[in-house]
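Enquirer: Below is query.txt; it holds compact mmCIF, C-alpha atoms (C1' of nucleotides).
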```txt
# COMPACT_ATOMS: atom_id res chain seq x y z
CA MET A 1 -28.85 -32.71 -18.66
CA ILE A 2 -31.26 -31.20 -16.18
CA GLN A 3 -28.77 -28.96 -14.34
CA ASP A 4 -26.84 -27.90 -17.45
CA PHE A 5 -23.84 -26.80 -15.42
CA LEU A 6 -25.53 -24.09 -13.43
CA TYR A 7 -22.22 -23.30 -11.81
CA LEU A 8 -20.78 -22.16 -15.15
CA LYS A 9 -23.59 -19.66 -15.74
CA ASP A 10 -22.76 -15.96 -15.77
CA LYS A 11 -24.73 -15.19 -12.61
CA ASN A 12 -22.77 -17.78 -10.68
CA ILE A 13 -19.45 -16.47 -11.98
CA LYS A 14 -20.49 -12.94 -10.98
CA ASP A 15 -21.44 -14.14 -7.51
CA VAL A 16 -18.08 -15.85 -7.20
CA LEU A 17 -16.24 -12.71 -8.34
CA GLU A 18 -18.11 -10.65 -5.78
CA LEU A 19 -17.34 -13.21 -3.09
CA ILE A 20 -13.66 -13.18 -4.01
CA MET A 21 -13.59 -9.42 -3.55
CA GLU A 22 -15.54 -9.49 -0.31
CA THR A 23 -13.51 -12.36 1.10
CA TYR A 24 -10.32 -10.44 0.50
CA LEU A 25 -11.73 -7.20 1.90
CA VAL A 26 -13.13 -8.68 5.10
CA SER A 27 -10.26 -11.01 5.87
CA TYR A 28 -7.67 -8.28 5.40
CA SER A 29 -9.58 -5.58 7.25
CA ASP A 30 -10.08 -7.48 10.49
CA PRO A 31 -6.58 -6.65 11.83
CA GLU A 32 -6.59 -2.98 10.80
CA PRO A 33 -6.62 -1.63 14.37
CA VAL A 34 -3.36 -3.48 15.13
CA LEU A 35 -1.73 -2.10 12.00
CA LYS A 36 -2.93 1.42 12.65
CA ARG A 37 -1.65 1.33 16.23
CA ASN A 38 1.77 0.56 14.75
CA GLY A 39 1.54 3.29 12.13
CA PHE A 40 1.01 0.98 9.18
CA GLY A 41 -1.65 0.55 6.52
CA LYS A 42 -2.94 -2.06 4.10
CA ALA A 43 0.10 -1.84 1.84
CA HIS A 44 2.38 -2.74 4.75
CA HIS A 45 0.03 -5.53 5.75
CA ARG A 46 0.19 -7.18 2.33
CA LEU A 47 3.97 -6.98 2.25
CA ILE A 48 4.49 -8.28 5.79
CA SER A 49 2.17 -11.22 5.12
CA LEU A 50 3.92 -12.08 1.90
CA ILE A 51 7.38 -12.01 3.48
CA ASP A 52 6.26 -14.10 6.45
CA ASN A 53 4.79 -16.75 4.22
CA ASN A 54 7.72 -16.64 1.76
CA PRO A 55 10.85 -15.92 3.80
CA GLY A 56 13.69 -14.81 1.56
CA ILE A 57 11.42 -13.70 -1.24
CA LYS A 58 12.98 -11.29 -3.73
CA LEU A 59 11.67 -7.96 -4.94
CA THR A 60 10.72 -9.06 -8.46
CA ASP A 61 8.55 -11.84 -7.14
CA ILE A 62 6.78 -9.50 -4.74
CA LEU A 63 6.05 -7.10 -7.57
CA LYS A 64 4.46 -9.90 -9.58
CA LYS A 65 2.33 -11.09 -6.70
CA LEU A 66 1.21 -7.68 -5.44
CA LYS A 67 0.80 -6.15 -8.92
CA VAL A 68 2.41 -2.87 -8.00
CA THR A 69 5.35 -0.93 -9.34
CA LYS A 70 8.84 -1.07 -7.90
CA GLN A 71 8.61 2.62 -7.00
CA SER A 72 5.44 2.08 -5.05
CA LEU A 73 6.77 -0.93 -3.22
CA SER A 74 10.00 0.91 -2.48
CA ARG A 75 8.21 3.38 -0.21
CA VAL A 76 6.55 0.57 1.74
CA ILE A 77 9.82 -1.32 2.19
CA LYS A 78 11.61 1.83 3.28
CA GLU A 79 9.02 2.50 5.98
CA LEU A 80 9.19 -1.07 7.28
CA LYS A 81 13.00 -0.94 7.41
CA LYS A 82 13.34 2.36 9.31
CA LYS A 83 15.31 2.21 12.55
CA ASN A 84 12.24 2.86 14.76
CA ASN A 85 10.18 0.31 12.88
CA ASN A 86 12.76 -2.33 12.06
CA ILE A 87 10.17 -4.82 10.80
CA ILE A 88 11.96 -6.30 7.81
CA VAL A 89 15.55 -7.19 6.98
CA GLN A 90 17.31 -7.58 3.64
CA LYS A 91 20.16 -9.98 2.95
CA LYS A 92 22.22 -10.38 -0.21
CA SER A 93 21.64 -13.72 -1.90
CA GLU A 94 24.64 -16.05 -1.99
CA LYS A 95 23.56 -17.58 -5.26
CA ASP A 96 23.08 -14.32 -7.12
CA ALA A 97 24.58 -11.19 -5.62
CA ARG A 98 22.09 -9.00 -7.43
CA GLU A 99 19.23 -10.41 -5.45
CA ASN A 100 18.31 -8.82 -2.15
CA LEU A 101 16.22 -11.25 -0.13
CA LEU A 102 13.55 -10.12 2.30
CA PHE A 103 12.89 -11.49 5.79
CA LEU A 104 10.93 -10.42 8.85
CA SER A 105 12.96 -9.32 11.87
CA GLU A 106 12.16 -10.59 15.37
CA LYS A 107 10.02 -7.51 15.84
CA GLY A 108 8.41 -8.16 12.46
CA ASN A 109 7.55 -11.70 13.47
CA ALA A 110 5.93 -10.49 16.66
CA LEU A 111 3.84 -7.95 14.80
CA TYR A 112 2.81 -10.43 12.15
CA ASN A 113 1.81 -13.01 14.74
CA GLU A 114 -0.55 -10.54 16.31
CA ILE A 115 -2.04 -9.76 12.91
CA PHE A 116 -2.24 -13.39 11.89
CA GLU A 117 -4.11 -14.51 14.98
CA ILE A 118 -6.88 -12.08 14.09
CA GLN A 119 -7.06 -13.18 10.47
CA LYS A 120 -6.84 -16.85 11.43
CA ASP A 121 -9.89 -16.48 13.61
CA ARG A 122 -12.22 -15.73 10.71
CA ILE A 123 -10.78 -18.47 8.50
CA LEU A 124 -10.97 -21.10 11.24
CA LYS A 125 -14.56 -20.22 12.10
CA ALA A 126 -15.43 -20.88 8.47
CA PHE A 127 -13.34 -24.04 8.14
CA LYS A 128 -14.84 -25.58 11.27
CA ASN A 129 -18.24 -25.38 9.62
CA CYS A 130 -16.96 -27.26 6.58
CA THR A 131 -15.82 -30.77 5.83
CA THR A 132 -12.17 -31.57 5.18
CA ASP A 133 -12.97 -32.19 1.54
CA GLU A 134 -14.66 -28.85 1.17
CA VAL A 135 -11.65 -27.03 2.57
CA ILE A 136 -9.29 -28.96 0.35
CA SER A 137 -11.42 -28.19 -2.69
CA PHE A 138 -11.53 -24.54 -1.70
CA LYS A 139 -7.76 -24.24 -1.68
CA LYS A 140 -7.44 -26.23 -4.88
CA VAL A 141 -9.76 -23.90 -6.78
CA LEU A 142 -8.00 -20.80 -5.45
CA LEU A 143 -4.74 -22.24 -6.75
CA LYS A 144 -6.22 -22.89 -10.17
CA ILE A 145 -7.49 -19.33 -10.44
CA VAL A 146 -4.13 -17.84 -9.50
CA ALA A 147 -1.81 -20.15 -11.40
CA GLN A 148 -2.67 -19.62 -15.06
CA MET B 149 -5.63 -39.53 13.90
CA ILE B 150 -2.73 -39.70 11.49
CA GLN B 151 -3.47 -36.48 9.60
CA ASP B 152 -4.46 -34.48 12.69
CA PHE B 153 -6.32 -31.92 10.60
CA LEU B 154 -3.40 -30.66 8.57
CA TYR B 155 -5.70 -28.16 6.90
CA LEU B 156 -6.24 -26.37 10.22
CA LYS B 157 -2.51 -25.87 10.79
CA ASP B 158 -1.13 -22.33 10.74
CA LYS B 159 0.92 -22.86 7.58
CA ASN B 160 -2.17 -23.94 5.69
CA ILE B 161 -4.18 -20.97 6.96
CA LYS B 162 -1.35 -18.65 5.90
CA ASP B 163 -1.25 -20.23 2.46
CA VAL B 164 -5.00 -19.76 2.16
CA LEU B 165 -4.77 -16.12 3.25
CA GLU B 166 -2.08 -15.49 0.65
CA LEU B 167 -4.18 -17.23 -1.99
CA ILE B 168 -7.21 -15.13 -1.08
CA MET B 169 -5.17 -11.99 -1.61
CA GLU B 170 -3.60 -13.19 -4.85
CA THR B 171 -6.90 -14.45 -6.22
CA TYR B 172 -8.47 -11.07 -5.67
CA LEU B 173 -5.50 -9.19 -7.10
CA VAL B 174 -5.17 -11.26 -10.28
CA SER B 175 -8.85 -11.59 -11.03
CA TYR B 176 -9.47 -7.87 -10.60
CA SER B 177 -6.38 -6.73 -12.48
CA ASP B 178 -7.04 -8.64 -15.69
CA PRO B 179 -9.47 -6.02 -17.07
CA GLU B 180 -7.40 -2.97 -16.08
CA PRO B 181 -6.63 -1.92 -19.68
CA VAL B 182 -10.36 -1.65 -20.43
CA LEU B 183 -10.95 0.46 -17.33
CA LYS B 184 -7.98 2.69 -18.02
CA ARG B 185 -9.09 3.30 -21.61
CA ASN B 186 -12.35 4.59 -20.14
CA GLY B 187 -10.62 6.75 -17.55
CA PHE B 188 -11.47 4.58 -14.58
CA GLY B 189 -9.51 2.77 -11.88
CA LYS B 190 -9.90 -0.07 -9.42
CA ALA B 191 -12.29 1.84 -7.17
CA HIS B 192 -14.68 2.36 -10.10
CA HIS B 193 -14.29 -1.29 -11.04
CA ARG B 194 -15.35 -2.51 -7.61
CA LEU B 195 -18.37 -0.24 -7.57
CA ILE B 196 -19.54 -1.09 -11.09
CA SER B 197 -19.25 -4.81 -10.36
CA LEU B 198 -21.19 -4.49 -7.14
CA ILE B 199 -24.01 -2.54 -8.75
CA ASP B 200 -24.26 -4.93 -11.68
CA ASN B 201 -24.52 -7.92 -9.39
CA ASN B 202 -26.89 -6.14 -6.97
CA PRO B 203 -29.08 -3.84 -9.04
CA GLY B 204 -30.83 -1.28 -6.88
CA ILE B 205 -28.31 -1.59 -4.05
CA LYS B 206 -28.28 1.33 -1.62
CA LEU B 207 -25.35 3.36 -0.43
CA THR B 208 -25.17 1.99 3.11
CA ASP B 209 -24.91 -1.56 1.85
CA ILE B 210 -22.14 -0.65 -0.56
CA LEU B 211 -20.20 0.99 2.24
CA LYS B 212 -20.43 -2.17 4.31
CA LYS B 213 -19.32 -4.41 1.47
CA LEU B 214 -16.49 -2.23 0.19
CA LYS B 215 -15.30 -1.15 3.64
CA VAL B 216 -14.81 2.47 2.67
CA THR B 217 -16.19 5.74 3.95
CA LYS B 218 -19.14 7.57 2.47
CA GLN B 219 -16.89 10.47 1.52
CA SER B 220 -14.53 8.22 -0.39
CA LEU B 221 -17.33 6.43 -2.20
CA SER B 222 -18.97 9.75 -3.01
CA ARG B 223 -16.09 10.74 -5.30
CA VAL B 224 -16.30 7.45 -7.19
CA ILE B 225 -20.07 7.71 -7.62
CA LYS B 226 -19.77 11.30 -8.79
CA GLU B 227 -17.25 10.35 -11.47
CA LEU B 228 -19.38 7.48 -12.73
CA LYS B 229 -22.47 9.72 -12.90
CA LYS B 230 -20.90 12.59 -14.86
CA LYS B 231 -22.59 13.52 -18.12
CA ASN B 232 -19.70 12.32 -20.30
CA ASN B 233 -19.43 9.09 -18.36
CA ASN B 234 -23.03 8.35 -17.52
CA ILE B 235 -22.30 4.86 -16.21
CA ILE B 236 -24.61 4.69 -13.21
CA VAL B 237 -28.09 5.97 -12.43
CA GLN B 238 -29.76 6.70 -9.11
CA LYS B 239 -33.48 6.33 -8.42
CA LYS B 240 -35.40 7.22 -5.27
CA SER B 241 -36.80 4.19 -3.52
CA GLU B 242 -40.60 3.97 -3.42
CA LYS B 243 -40.58 2.16 -0.10
CA ASP B 244 -38.37 4.59 1.73
CA ALA B 245 -37.86 7.98 0.14
CA ARG B 246 -34.52 8.44 1.87
CA GLU B 247 -32.97 5.58 -0.01
CA ASN B 248 -31.32 6.33 -3.32
CA LEU B 249 -30.93 3.11 -5.26
CA LEU B 250 -28.07 2.51 -7.68
CA PHE B 251 -28.30 0.95 -11.14
CA LEU B 252 -26.07 0.69 -14.20
CA SER B 253 -27.14 2.68 -17.24
CA GLU B 254 -27.17 1.13 -20.72
CA LYS B 255 -23.68 2.48 -21.21
CA GLY B 256 -22.71 1.09 -17.82
CA ASN B 257 -23.99 -2.34 -18.76
CA ALA B 258 -21.97 -2.30 -21.95
CA LEU B 259 -18.81 -1.32 -20.10
CA TYR B 260 -19.36 -3.90 -17.41
CA ASN B 261 -19.98 -6.65 -19.94
CA GLU B 262 -16.62 -5.95 -21.53
CA ILE B 263 -14.96 -6.08 -18.13
CA PHE B 264 -16.83 -9.17 -17.04
CA GLU B 265 -15.91 -11.21 -20.12
CA ILE B 266 -12.25 -10.73 -19.23
CA GLN B 267 -12.72 -11.67 -15.60
CA LYS B 268 -14.94 -14.61 -16.51
CA ASP B 269 -12.23 -16.05 -18.67
CA ARG B 270 -9.89 -16.68 -15.76
CA ILE B 271 -12.60 -18.11 -13.52
CA LEU B 272 -13.91 -20.44 -16.21
CA LYS B 273 -10.45 -21.73 -17.07
CA ALA B 274 -10.09 -22.71 -13.42
CA PHE B 275 -13.58 -24.16 -13.05
CA LYS B 276 -13.23 -26.31 -16.14
CA ASN B 277 -10.27 -28.03 -14.48
CA CYS B 278 -12.38 -28.82 -11.43
CA THR B 279 -15.28 -31.09 -10.62
CA THR B 280 -18.75 -29.69 -9.97
CA ASP B 281 -18.42 -30.61 -6.32
CA GLU B 282 -15.13 -28.77 -6.00
CA VAL B 283 -16.63 -25.60 -7.45
CA ILE B 284 -19.65 -25.85 -5.20
CA SER B 285 -17.44 -26.35 -2.16
CA PHE B 286 -15.31 -23.40 -3.22
CA LYS B 287 -18.27 -21.04 -3.27
CA LYS B 288 -19.64 -22.46 -0.04
CA VAL B 289 -16.40 -21.79 1.83
CA LEU B 290 -16.14 -18.26 0.45
CA LEU B 291 -19.64 -17.60 1.76
CA LYS B 292 -18.76 -18.93 5.20
CA ILE B 293 -15.71 -16.68 5.41
CA VAL B 294 -17.67 -13.58 4.42
CA ALA B 295 -20.87 -14.17 6.36
CA GLN B 296 -19.86 -14.17 10.02
C1' DA C 297 32.10 -7.44 -24.92
C1' DT C 298 27.34 -7.13 -25.08
C1' DT C 299 22.98 -7.86 -23.32
C1' DA C 300 19.69 -8.89 -19.77
C1' DT C 301 18.30 -9.02 -15.01
C1' DA C 302 17.73 -7.20 -10.23
C1' DA C 303 17.64 -3.51 -7.43
C1' DG C 304 17.51 1.18 -6.24
C1' DT C 305 16.58 6.24 -6.77
C1' DC C 306 14.55 11.04 -7.83
C1' DA C 307 10.71 13.81 -9.18
C1' DA C 308 6.15 14.80 -10.38
C1' DT C 309 1.58 13.43 -10.58
C1' DT C 310 -2.68 10.85 -9.96
C1' DA C 311 -5.73 7.89 -7.42
C1' DT C 312 -7.74 6.44 -3.30
C1' DA C 313 -9.18 7.00 1.26
C1' DC C 314 -9.52 9.18 5.69
C1' DT C 315 -11.13 12.53 9.63
C1' DG C 316 -14.24 15.88 11.08
C1' DA C 317 -18.02 18.85 10.74
C1' DC C 318 -22.41 19.84 9.15
C1' DT C 319 -27.13 19.83 6.57
C1' DA C 320 -31.46 17.82 4.77
C1' DT C 321 -34.92 14.40 4.45
C1' DC C 322 -37.64 10.91 5.96
C1' DA C 323 -39.13 6.86 9.12
C1' DT C 324 -39.99 5.05 13.50
C1' DT C 325 -41.67 5.15 17.97
C1' DA C 326 -42.29 6.78 22.68
C1' DT D 327 -46.58 14.88 17.52
C1' DA D 328 -42.05 15.54 19.15
C1' DA D 329 -37.83 13.26 19.67
C1' DT D 330 -34.66 9.91 17.83
C1' DG D 331 -32.33 7.40 14.42
C1' DA D 332 -31.35 6.18 9.69
C1' DT D 333 -30.04 7.53 4.90
C1' DA D 334 -27.87 10.45 1.96
C1' DG D 335 -25.17 14.33 0.64
C1' DT D 336 -21.53 17.94 1.06
C1' DC D 337 -17.19 20.78 2.09
C1' DA D 338 -12.50 21.08 3.50
C1' DG D 339 -8.24 19.32 4.68
C1' DT D 340 -5.05 15.64 5.08
C1' DA D 341 -2.93 11.09 4.51
C1' DT D 342 -1.87 7.10 2.02
C1' DA D 343 -0.95 4.51 -2.01
C1' DA D 344 0.29 3.96 -6.61
C1' DT D 345 1.65 5.66 -11.16
C1' DT D 346 4.71 7.44 -15.09
C1' DG D 347 9.19 8.43 -16.66
C1' DA D 348 13.99 8.82 -16.45
C1' DC D 349 18.22 7.14 -14.83
C1' DT D 350 22.12 4.60 -12.16
C1' DT D 351 24.61 0.63 -10.31
C1' DA D 352 25.86 -4.03 -9.88
C1' DT D 353 25.97 -8.59 -11.37
C1' DA D 354 24.93 -12.63 -14.42
C1' DA D 355 24.52 -14.82 -18.65
C1' DT D 356 25.65 -15.28 -23.64
```
Go through the file and emit its structure as structure tokens.
Expert:
Amino acid sequence: MIQDFLYLKDKNIKDVLELIMETYLVSYSDPEPVLKRNGFGKAHHRLISLIDNNPGIKLTDILKKLKVTKQSLSRVIKELKKKNNNIIVQKKSEKDARENLLFLSEKGNALYNEIFEIQKDRILKAFKNCTTDEVISFKKVLLKIVAQ
Amino acid sequence: MIQDFLYLKDKNIKDVLELIMETYLVSYSDPEPVLKRNGFGKAHHRLISLIDNNPGIKLTDILKKLKVTKQSLSRVIKELKKKNNNIIVQKKSEKDARENLLFLSEKGNALYNEIFEIQKDRILKAFKNCTTDEVISFKKVLLKIVAQ
DNA sequence: ATTATAAGTCAATTATACTGACTATCATTA
DNA sequence: TAATGATAGTCAGTATAATTGACTTATAAT
């Protein structure tokens, strides 16, 4: 037992927590100029990304994922739905008429693509310096941290 | 070439980007009750964590890591330095008298420990369901995303 | 019929961050 | 040593983001 699970030591956990924060901050700040040019901020960015990656997602699920209140999210949705913006679209669910499902519009897709290409760049640069196994492990651990 | 690098496909990158966001949001929201009880918010949390893990860090480096302006950070520092709070301490650098290095006070250490134990819990639960290699790969990929 | 869920709204407040302008101190170097 | 750049701090004003609390409407589930 020479190593004694170094990776479970407090200092390593702290490093990982700092890296989690920094990874989020850098990878979501790269496309800020594009957002700003369109009159949007980080809150809009998070919502647009979430809807793109989960088309038809409902409000409650967004609230859980983004950890914000309904009232706070409501402002962001309103701004993205405005006539001049027209980034997202809501459709009543056929299963449950209470649910109002969220999608990106054509314009929303175009905006998100521009944002995504910038974010993708950083991730791909990292992945190309890693083995397949390392990338797979990376995603696996992220999943285990989130899904508890 | 059957797999054709599935992990480099857009959908996988999008999943990873969403996971990065969610991992940050969940792991930094777990200790919110402790922070709130002490009159602090997420901005204070980020700063306290950064100082604990980088004792003696200087302002410029914090700005780069947290991606905020000096004016915004100034408010957070001020609140953490207040007499009743007394969470962080600044000391002039001996090397370069312009630099004002940041440390946690005794009280700050105590507060951070309480916060850290909560955050550690989630990370450890995940790590204990992973192999050593997976955890090592996880950290390695985080580093490659941040350091570009 | 009652209860629970999903969504939406109004108002007030707090928290976080930004732009812009400006000062003071100290280090580097031309 | 005089000019330049780096580090930190400050003041004012504004913008953005998120919260608490109260309440309504519609629909689903029991």
Enquirer: Restricting the calculation to only C-alpha atoms (C1' of nucleotides): of D:DA341, D:DA328, D:DA334, D:DA354, which residue gets closest to chain B?
Expert: D:DA334
Enquirer: Nearest to Lys144 of chain A: which of B:Lys273, B:Thr217, B:Asn186, B:Pro181 is it, counting only C-alpha atoms?
Expert: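 Ranking B:Lys273, B:Thr217, B:Asn186, B:Pro181 by distance to Lys144 of chain A, first place goes to B:Lys273.
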Enquirer: Could you tell me how far atom CA of Ile123 of chain A sits from atom CA of Ile88 of chain A, in Å to one decimal place?
Expert: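 Rounded to one decimal, the two atoms are 25.8 Å apart.
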Enquirer: Can you give me chain A superposed onto chain B, least-squares on all Cα in order, written as a tab-separated table (two decimals) with C-alpha atoms, in the frame of the given file?
Expert:
```
chain	number	residue	atom	x	y	z
A	1	MET	CA	-5.51	-39.56	13.98
A	2	ILE	CA	-2.67	-39.70	11.50
A	3	GLN	CA	-3.49	-36.48	9.61
A	4	ASP	CA	-4.49	-34.47	12.69
A	5	PHE	CA	-6.37	-31.92	10.61
A	6	LEU	CA	-3.46	-30.65	8.60
A	7	TYR	CA	-5.76	-28.17	6.94
A	8	LEU	CA	-6.31	-26.36	10.25
A	9	LYS	CA	-2.58	-25.85	10.83
A	10	ASP	CA	-1.20	-22.32	10.80
A	11	LYS	CA	0.86	-22.84	7.64
A	12	ASN	CA	-2.22	-23.92	5.73
A	13	ILE	CA	-4.24	-20.96	6.99
A	14	LYS	CA	-1.40	-18.63	5.94
A	15	ASP	CA	-1.29	-20.21	2.50
A	16	VAL	CA	-5.03	-19.76	2.19
A	17	LEU	CA	-4.80	-16.11	3.27
A	18	GLU	CA	-2.11	-15.49	0.69
A	19	LEU	CA	-4.18	-17.22	-1.97
A	20	ILE	CA	-7.21	-15.13	-1.08
A	21	MET	CA	-5.17	-11.98	-1.59
A	22	GLU	CA	-3.60	-13.18	-4.82
A	23	THR	CA	-6.88	-14.45	-6.20
A	24	TYR	CA	-8.46	-11.06	-5.66
A	25	LEU	CA	-5.48	-9.19	-7.09
A	26	VAL	CA	-5.15	-11.25	-10.26
A	27	SER	CA	-8.83	-11.59	-11.02
A	28	TYR	CA	-9.45	-7.88	-10.61
A	29	SER	CA	-6.36	-6.74	-12.48
A	30	ASP	CA	-7.01	-8.64	-15.69
A	31	PRO	CA	-9.45	-6.02	-17.07
A	32	GLU	CA	-7.39	-2.97	-16.10
A	33	PRO	CA	-6.62	-1.93	-19.68
A	34	VAL	CA	-10.36	-1.65	-20.44
A	35	LEU	CA	-10.93	0.46	-17.35
A	36	LYS	CA	-7.97	2.69	-18.04
A	37	ARG	CA	-9.09	3.27	-21.63
A	38	ASN	CA	-12.35	4.57	-20.17
A	39	GLY	CA	-10.63	6.75	-17.58
A	40	PHE	CA	-11.48	4.59	-14.60
A	41	GLY	CA	-9.51	2.79	-11.91
A	42	LYS	CA	-9.90	-0.05	-9.44
A	43	ALA	CA	-12.29	1.87	-7.21
A	44	HIS	CA	-14.69	2.35	-10.12
A	45	HIS	CA	-14.30	-1.30	-11.06
A	46	ARG	CA	-15.35	-2.52	-7.62
A	47	LEU	CA	-18.37	-0.24	-7.57
A	48	ILE	CA	-19.54	-1.08	-11.10
A	49	SER	CA	-19.25	-4.81	-10.37
A	50	LEU	CA	-21.18	-4.49	-7.15
A	51	ILE	CA	-24.01	-2.52	-8.76
A	52	ASP	CA	-24.26	-4.93	-11.69
A	53	ASN	CA	-24.52	-7.91	-9.41
A	54	ASN	CA	-26.88	-6.14	-6.97
A	55	PRO	CA	-29.08	-3.83	-9.05
A	56	GLY	CA	-30.81	-1.28	-6.85
A	57	ILE	CA	-28.30	-1.59	-4.05
A	58	LYS	CA	-28.24	1.33	-1.61
A	59	LEU	CA	-25.30	3.37	-0.43
A	60	THR	CA	-25.12	1.99	3.11
A	61	ASP	CA	-24.87	-1.55	1.85
A	62	ILE	CA	-22.10	-0.64	-0.57
A	63	LEU	CA	-20.15	0.99	2.23
A	64	LYS	CA	-20.39	-2.19	4.29
A	65	LYS	CA	-19.30	-4.41	1.45
A	66	LEU	CA	-16.46	-2.23	0.15
A	67	LYS	CA	-15.26	-1.13	3.61
A	68	VAL	CA	-14.77	2.47	2.63
A	69	THR	CA	-16.12	5.74	3.91
A	70	LYS	CA	-19.09	7.55	2.45
A	71	GLN	CA	-16.84	10.47	1.49
A	72	SER	CA	-14.52	8.22	-0.42
A	73	LEU	CA	-17.30	6.43	-2.22
A	74	SER	CA	-18.96	9.75	-3.01
A	75	ARG	CA	-16.09	10.76	-5.30
A	76	VAL	CA	-16.29	7.47	-7.20
A	77	ILE	CA	-20.06	7.73	-7.65
A	78	LYS	CA	-19.78	11.32	-8.80
A	79	GLU	CA	-17.27	10.38	-11.49
A	80	LEU	CA	-19.40	7.49	-12.73
A	81	LYS	CA	-22.49	9.73	-12.90
A	82	LYS	CA	-20.93	12.62	-14.85
A	83	LYS	CA	-22.65	13.55	-18.10
A	84	ASN	CA	-19.75	12.33	-20.30
A	85	ASN	CA	-19.46	9.10	-18.36
A	86	ASN	CA	-23.08	8.36	-17.52
A	87	ILE	CA	-22.32	4.87	-16.21
A	88	ILE	CA	-24.63	4.70	-13.21
A	89	VAL	CA	-28.10	5.98	-12.40
A	90	GLN	CA	-29.77	6.70	-9.07
A	91	LYS	CA	-33.47	6.31	-8.36
A	92	LYS	CA	-35.40	7.19	-5.22
A	93	SER	CA	-36.79	4.12	-3.47
A	94	GLU	CA	-40.58	3.87	-3.37
A	95	LYS	CA	-40.53	2.05	-0.07
A	96	ASP	CA	-38.31	4.52	1.74
A	97	ALA	CA	-37.80	7.92	0.19
A	98	ARG	CA	-34.51	8.38	1.98
A	99	GLU	CA	-32.93	5.58	0.05
A	100	ASN	CA	-31.29	6.33	-3.27
A	101	LEU	CA	-30.91	3.11	-5.23
A	102	LEU	CA	-28.07	2.51	-7.66
A	103	PHE	CA	-28.30	0.95	-11.12
A	104	LEU	CA	-26.08	0.69	-14.18
A	105	SER	CA	-27.15	2.68	-17.23
A	106	GLU	CA	-27.20	1.13	-20.71
A	107	LYS	CA	-23.70	2.48	-21.20
A	108	GLY	CA	-22.73	1.09	-17.80
A	109	ASN	CA	-24.00	-2.34	-18.75
A	110	ALA	CA	-21.98	-2.30	-21.95
A	111	LEU	CA	-18.82	-1.33	-20.11
A	112	TYR	CA	-19.35	-3.91	-17.41
A	113	ASN	CA	-19.97	-6.65	-19.96
A	114	GLU	CA	-16.63	-5.95	-21.54
A	115	ILE	CA	-14.96	-6.08	-18.14
A	116	PHE	CA	-16.82	-9.19	-17.07
A	117	GLU	CA	-15.90	-11.21	-20.13
A	118	ILE	CA	-12.24	-10.73	-19.25
A	119	GLN	CA	-12.70	-11.68	-15.61
A	120	LYS	CA	-14.94	-14.62	-16.52
A	121	ASP	CA	-12.21	-16.05	-18.68
A	122	ARG	CA	-9.85	-16.68	-15.77
A	123	ILE	CA	-12.57	-18.11	-13.53
A	124	LEU	CA	-13.89	-20.45	-16.23
A	125	LYS	CA	-10.42	-21.74	-17.08
A	126	ALA	CA	-10.07	-22.71	-13.43
A	127	PHE	CA	-13.56	-24.16	-13.07
A	128	LYS	CA	-13.19	-26.32	-16.16
A	129	ASN	CA	-10.25	-28.03	-14.49
A	130	CYS	CA	-12.36	-28.82	-11.43
A	131	THR	CA	-15.27	-31.08	-10.64
A	132	THR	CA	-18.74	-29.69	-10.01
A	133	ASP	CA	-18.42	-30.59	-6.35
A	134	GLU	CA	-15.15	-28.76	-6.02
A	135	VAL	CA	-16.63	-25.60	-7.47
A	136	ILE	CA	-19.66	-25.84	-5.24
A	137	SER	CA	-17.46	-26.34	-2.20
A	138	PHE	CA	-15.33	-23.39	-3.24
A	139	LYS	CA	-18.29	-21.04	-3.29
A	140	LYS	CA	-19.66	-22.45	-0.07
A	141	VAL	CA	-16.43	-21.79	1.82
A	142	LEU	CA	-16.16	-18.26	0.43
A	143	LEU	CA	-19.67	-17.61	1.72
A	144	LYS	CA	-18.80	-18.91	5.16
A	145	ILE	CA	-15.76	-16.67	5.39
A	146	VAL	CA	-17.71	-13.57	4.40
A	147	ALA	CA	-20.92	-14.16	6.32
A	148	GLN	CA	-19.91	-14.14	9.97
```
Enquirer: Based on only C-alpha atoms (C1' of nucleotides), which of the residues in chain D come within 12 Å of chain B? I want them as an MDAnalysis selection string.
Expert: chainID D and resid 332:338 344:345
Enquirer: Include C-alpha atoms (C1' of nucleotides) and write out the residues we just selected as a short mmCIF file (atom, residue, chain, number, x, y, z; two decimals), in the frame of the given file.
Expert:
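What follows is the written file part00.cif:
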```cif
data_model
loop_
_atom_site.label_atom_id
_atom_site.label_comp_id
_atom_site.auth_asym_id
_atom_site.auth_seq_id
_atom_site.Cartn_x
_atom_site.Cartn_y
_atom_site.Cartn_z
"C1'" DA D 332 -31.35 6.18 9.69
"C1'" DT D 333 -30.04 7.53 4.90
"C1'" DA D 334 -27.87 10.45 1.96
"C1'" DG D 335 -25.17 14.33 0.64
"C1'" DT D 336 -21.53 17.94 1.06
"C1'" DC D 337 -17.19 20.78 2.09
"C1'" DA D 338 -12.50 21.08 3.50
"C1'" DA D 344 0.29 3.96 -6.61
"C1'" DT D 345 1.65 5.66 -11.16
#
```
Enquirer: Let me make sure I understand: among A:Lys107, A:Lys11, A:Lys92, A:Lys81, which one has the smallest atom-to-atom distance to chain B if we use only C-alpha atoms?
Expert: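 Among the listed residues, the smallest separation from chain B belongs to A:Lys11.
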Enquirer: Can you build me a table of chain B residues sitting at most 6 Å from chain A, with the closest atom pair per residue and its distance in Å to one decimal, using all atoms listed in the file, sorted by chain and residue number, as CSV?
Expert:
```
residue,atom,partner,partner_atom,distance
B:Ile168,CA,A:Tyr24,CA,5.8
B:Met169,CA,A:Tyr24,CA,5.8
B:Thr171,CA,A:Val146,CA,5.5
B:Tyr172,CA,A:Met21,CA,5.8
B:Ala274,CA,A:Lys144,CA,5.1
B:Glu282,CA,A:Ser137,CA,5.0
B:Ser285,CA,A:Glu134,CA,5.0
B:Phe286,CA,A:Phe138,CA,4.2
B:Lys292,CA,A:Ala126,CA,5.1
B:Ile293,CA,A:Ala126,CA,5.2
B:Val294,CA,A:Thr23,CA,5.5
```
